[in-house]
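Below is one structure, written out as structure tokens; comments come after it.
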Amino acid sequence: MDFSAITNPGASPTGEIAVDGLAALQKALTAGYGTDVSTFTGGAALRIQSLDKTMQSTIQENDDFRLFNRLAKPKATATVDEWTEQDGIGGFLGGSTNGETGIIADASGSYNRRVGLVKFLMCKRQVSFVATLGNNIADIESVEYANGALQLCTDVEHLMLEGDSSVVPTEFDGIYAQMLAGVNAGQVDGNHIIDAQAKSLSSINLVNQAAATIRGFGNFGKPTDIFMSLLTQADFDTNLDPAFRVALTGAPNGGVMLGSPVVGIRTSHGNIKTNDDIFIRDSDQTTPFEVRYPGTAQAQAALRPQAVAGTPNADPASMFGAAQAGLYSYLVTGVNASGQSTGVISAQVAVAAGQSVTLVINASAGGGETGYVISRNRLNGGAVAVGGADGMSDFREMLKVSRTGNATTYVDRNRNIPGTTKAYILNLTPGMTAMDWRQFLPMCKFPLYPTNAAVVPWAQLLFGYLRITKRKHHVVIKNILPNGALFRPFN
């Protein structure tokens with residue numbers, strides 16, 4: 001092959017190439033390792049760009065939706081879904097005995113009429129039409145469709161745990177909201193919500209208590225599953241007595257030793273399967289909204305309360321003991337279906353043992369918020385600028401409350417401890433229908449039409465709600481403080 005035209009374009013072919021010409025040729029045909037395509041020269045400019053069709057991402061996957069995946073999904077036939085919950089057969093123990101001709105006592109079952117409202121989860125997605133034509137790393141429309149599905153499933157899993165329609169009316173009520181409503185209405189005994197009082201859930205004690213409650217007389221349930229945070233699972237793995245561990249399949253000696261994964265907890269009322277759910281929030285996920293989503297919080301700044309003030313009062317129902325007495329500040333944000341606002345911070349409040357704190361939250365100027373998220377900093381956490389954002393990272397969420405007029409009052413008795421997490425012990429026995437996802441519309445893609453832009457838009461829809469038909473078959477353990485939590489509310 002004659003390369004002389006390369007080294008000397010004006011010369012006639014001779015079949016030879018000089019040494020310096022050979023070096024120039026090698027350089028010209030070398031692809032190199034550059035990644036900035038605008039600077040490629042020589043052989044590198046001819047290199048075929050590698051477009052890996054597999055997109056690597058660090059996002060949630062289908063397996064992460066632990067509770068949603070476990071629930072049956074029967075169809076709801078109307079947006080207002082009604083059923084009857086029976087919580088008793090009537091009479092009392094031994095009450096049917098009688099004499100030969102005695103008057104027969106009346107007895108009848110106890111029933112509660114329950115209503116569930118289908119809620120509408122929707123997200124809009126779109127891609128550039130031009131982007132669909134290129135040799136992309138991945139099919140961009142398919143990727144965005146998958147992202148939309150993950151967004152909807154993420155919200156479903158989150159709302160199944162923490163949804164509260166009294167705070168944000170577009171949400172469906174989650175497990176805790178439904179259980180708390182049952183307790184407040186006197187339809188569910190108070191022992192179905194257990195207070196861990198800022199201690200870890202690393203022993204059998206509270207789990208056994210919950211299992212006995214579910215199985216007990218008047219409830220007649222069967223505890224099958226516990227859903228908990230990753231740090232709570234870690235505490236079980238590290239500390240649970242081997243006597244209460246379900247053996248691991250294929251592990252030496254069943255793997256029932258400290259440090260091994262706990263896949264189930266043995267109780268007298270049956271084995272309880274462990275489910276570590278990344279959507280059950282530990283302290284790191286309860287930092288203020290504007291720390292996690294600053295742009296969204298700023299966009300919703302109009303929902304920010306005008307002021308919040310706390311006053312200590314003597315209270316026989318207080319859970320503030322000597323170890324929890326001291327100085328606290330509160331941070332409050334406004335919330336509605338569009339998100340949370342930036343926060344307003346109270347002055348420090350000095351709380352003595354046996355006192356509670358009455359918070360008064362003044363609504364935003366526009367009054368667009370439907371509720372408030374209340375956070376508290378750690379004991380003696382230091383002075384924080386009133387109404388400002390200094391020291392905001394030292395706050396953790398306590399609870400959400402609904403807005404009541406221009407001045408909303410909440411009494412903090414230390415029954416909701418900031419930075420703690422929850423565990424849910426449930427009866428998911430197939431056929432007992434103690435809890436399910438009532439689905440009015442399965443997830444679907446609803447085409448939209450572009451107006452004045454070259455885009456391909458669509459909506460993704462999922463309609464339904466969490467139905468708990470047998471609230472007495474479930475227990476919530478709240479105020480759990482895992483050993484691995486970095487935020488310690490009282491030290």
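Residue numbering restarts at 1 in every chain; chains get A, B, ... in the order shown in the structure tokens, and ligands count up from 1 in that same order.
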### Task
Identify, on the basis of only C-alpha atoms, every residue whose closest approach to segment 265-271 of chain A does not exceed 8 Å; exclude the query and any residue fewer than 4 positions from it along the same chain; express the result as an NGL selection string.
:A and (208 or 211-212 or 215 or 222-224 or 243-246)
Residues of segment 186-273 of chain A at most 12 Å from segment 89-104 of chain A: nearest atom pair and distance in Å, only C-alpha atoms, as CSV:
residue,atom,partner,partner_atom,distance
A:Phe217,CA,A:Leu93,CA,10.7
A:Gly218,CA,A:Ile89,CA,9.2
A:Asn219,CA,A:Ile89,CA,11.3
### Message
To test your reading of the structure, identify every residue in segment 131-272 of chain A that backbone DSSP assigns to helix (DSSP H, G or I), and report it as a PyMOL selection string.
### Response
chain A and resi 131-132+140-162+175-184+190-192+205-215+230-239+242-244+252-255
### Message
Env of Ala314 of chain A: 10 Å cut, atoms = only C-alpha atoms, seq-sep filter 5 positions within chain, self excluded. Answer as a list in words.
### Response
Val351, Ala352, Ala353, Gly354, Gln355, Ser356 and Val357 of chain A
Can I get the selection written as a PDB file, in the first residue's frame, with N, CA and C atoms?
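Below you can see selection.pdb, which holds the result:
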ATOM      1  N   VAL A 351     -38.536  23.755  79.489  1.00  0.00           N
ATOM      2  CA  VAL A 351     -39.533  22.768  79.885  1.00  0.00           C
ATOM      3  C   VAL A 351     -39.038  22.030  81.124  1.00  0.00           C
ATOM      4  N   ALA A 352     -39.830  22.029  82.182  1.00  0.00           N
ATOM      5  CA  ALA A 352     -39.501  21.300  83.405  1.00  0.00           C
ATOM      6  C   ALA A 352     -40.205  19.947  83.397  1.00  0.00           C
ATOM      7  N   ALA A 353     -39.723  19.041  84.230  1.00  0.00           N
ATOM      8  CA  ALA A 353     -40.377  17.738  84.361  1.00  0.00           C
ATOM      9  C   ALA A 353     -41.833  17.932  84.775  1.00  0.00           C
ATOM     10  N   GLY A 354     -42.723  17.184  84.115  1.00  0.00           N
ATOM     11  CA  GLY A 354     -44.145  17.294  84.427  1.00  0.00           C
ATOM     12  C   GLY A 354     -44.852  18.412  83.696  1.00  0.00           C
ATOM     13  N   GLN A 355     -44.165  19.095  82.790  1.00  0.00           N
ATOM     14  CA  GLN A 355     -44.791  20.140  81.999  1.00  0.00           C
ATOM     15  C   GLN A 355     -44.997  19.685  80.557  1.00  0.00           C
ATOM     16  N   SER A 356     -45.890  20.354  79.885  1.00  0.00           N
ATOM     17  CA  SER A 356     -46.045  20.209  78.439  1.00  0.00           C
ATOM     18  C   SER A 356     -45.841  21.588  77.822  1.00  0.00           C
ATOM     19  N   VAL A 357     -45.768  21.636  76.491  1.00  0.00           N
ATOM     20  CA  VAL A 357     -45.583  22.899  75.771  1.00  0.00           C
ATOM     21  C   VAL A 357     -46.778  23.107  74.846  1.00  0.00           C
TER      22      VAL A 357
END
#### Entry: Residue with smallest distance to Ala485 of chain A - pool A:Thr420, A:Ile374, A:Leu379, A:Val207, counting only C-alpha atoms
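Going through A:Thr420, A:Ile374, A:Leu379, A:Val207 one by one, the smallest distance to Ala485 of chain A is for A:Thr420.
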Hey, which bits of segment 180-240 of chain A sit within 12 Å of segment 106-114 of chain A, and for each residue what's the closest pair of atoms and how far apart in Å (one decimal), counting only C-alpha atoms, rows by chain and increasing number, as a tab-separated table?
residue	atom	partner	partner_atom	distance
A:Ala181	CA	A:Arg114	CA	11.8
A:Gly182	CA	A:Asn112	CA	10.4
A:Ala185	CA	A:Asn112	CA	10.8
A:Gly186	CA	A:Asn112	CA	11.1
A:Gln187	CA	A:Asn112	CA	8.2
A:Val188	CA	A:Asn112	CA	11.1
A:Gly218	CA	A:Ser110	CA	11.2
Suppose we keep N, CA and C atoms; can you now write the selection as an mmCIF file, in the first residue's frame?
data_model
loop_
_atom_site.group_PDB
_atom_site.id
_atom_site.type_symbol
_atom_site.label_atom_id
_atom_site.label_comp_id
_atom_site.auth_asym_id
_atom_site.auth_seq_id
_atom_site.Cartn_x
_atom_site.Cartn_y
_atom_site.Cartn_z
ATOM 1 N N ALA A 181 -56.830 6.894 64.450
ATOM 2 C CA ALA A 181 -58.245 7.277 64.384
ATOM 3 C C ALA A 181 -59.118 6.251 65.103
ATOM 4 N N GLY A 182 -58.788 4.963 64.960
ATOM 5 C CA GLY A 182 -59.542 3.930 65.651
ATOM 6 C C GLY A 182 -59.406 4.023 67.160
ATOM 7 N N ALA A 185 -61.347 7.073 68.421
ATOM 8 C CA ALA A 185 -62.799 6.870 68.350
ATOM 9 C C ALA A 185 -63.280 5.806 69.327
ATOM 10 N N GLY A 186 -62.355 5.167 70.039
ATOM 11 C CA GLY A 186 -62.735 4.124 70.979
ATOM 12 C C GLY A 186 -63.085 2.802 70.327
ATOM 13 N N GLN A 187 -62.755 2.647 69.036
ATOM 14 C CA GLN A 187 -63.055 1.412 68.323
ATOM 15 C C GLN A 187 -61.893 0.427 68.371
ATOM 16 N N VAL A 188 -60.707 0.909 68.742
ATOM 17 C CA VAL A 188 -59.505 0.087 68.856
ATOM 18 C C VAL A 188 -58.856 0.407 70.197
ATOM 19 N N GLY A 218 -60.829 -11.036 71.742
ATOM 20 C CA GLY A 218 -61.463 -9.842 71.217
ATOM 21 C C GLY A 218 -60.835 -9.344 69.931
#
### Among listed residues A:Ser318, A:Asp173, A:Ile480, A:Gln324, nearest Val115 of chain A (using only C-alpha atoms)
A:Asp173
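Nearest residue to Phe227 of chain A, choosing from A:Val183, A:Leu67, A:Val127, A:Leu206 and counting only C-alpha atoms: A:Leu67.
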### Shortest interatomic distance to Asn491 of chain A - which of A:Gln306, A:Thr469, A:Asn380, A:Thr409, counting only C-alpha atoms
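Selected residue with least distance to Asn491 of chain A: A:Asn380.
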## Note on the structure
The residue from A:Pro288, A:Cys444, A:Gln233, A:Asn336 with the smallest atom-to-atom distance to Asn377 of chain A, counting only C-alpha atoms, is A:Pro288
### Query
If you run DSSP on this backbone, which residues of segment 366-490 of chain A come out as strand (DSSP E), and could you give them as an MDAnalysis selection string?
chainID A and resid 371:377 395:402 407:412 421:426 435:447 455:468 475:480
### Message
Just to confirm, what's the straight-line distance from atom CA of Gly366 of chain A to atom CA of Leu399 of chain A in Å (one decimal)?
### Response
23.0 Å
### Task
Might you pull out every residue within 8 Å of segment 432-441 of chain A, with only C-alpha atoms counted and same-chain residues fewer than 4 positions away left off, and present them as a list in words?
Phe68, Leu71, Ala72, Lys73, Pro74, Lys75, Ala76, Thr77, Ala78, Thr79, Val118, Asn427, Leu428, Leu461, Leu462, Phe463, Gly464, Tyr465, Leu466, Arg467, Ile468, Thr469, Lys470, Arg471 and His473 of chain A
#### Entry: Ile175 of chain A surroundings by only C-alpha atoms, 10 Å radius, close-in-sequence under 3 positions cut, as an MDAnalysis selection string
chainID A and resid 159:164 172 178:181 424 426 435 466:468 471 474:476
### Point-to-point distance in Å for atom CA of Lys273 of chain A and atom CA of Gly250 of chain A
17.4 Å
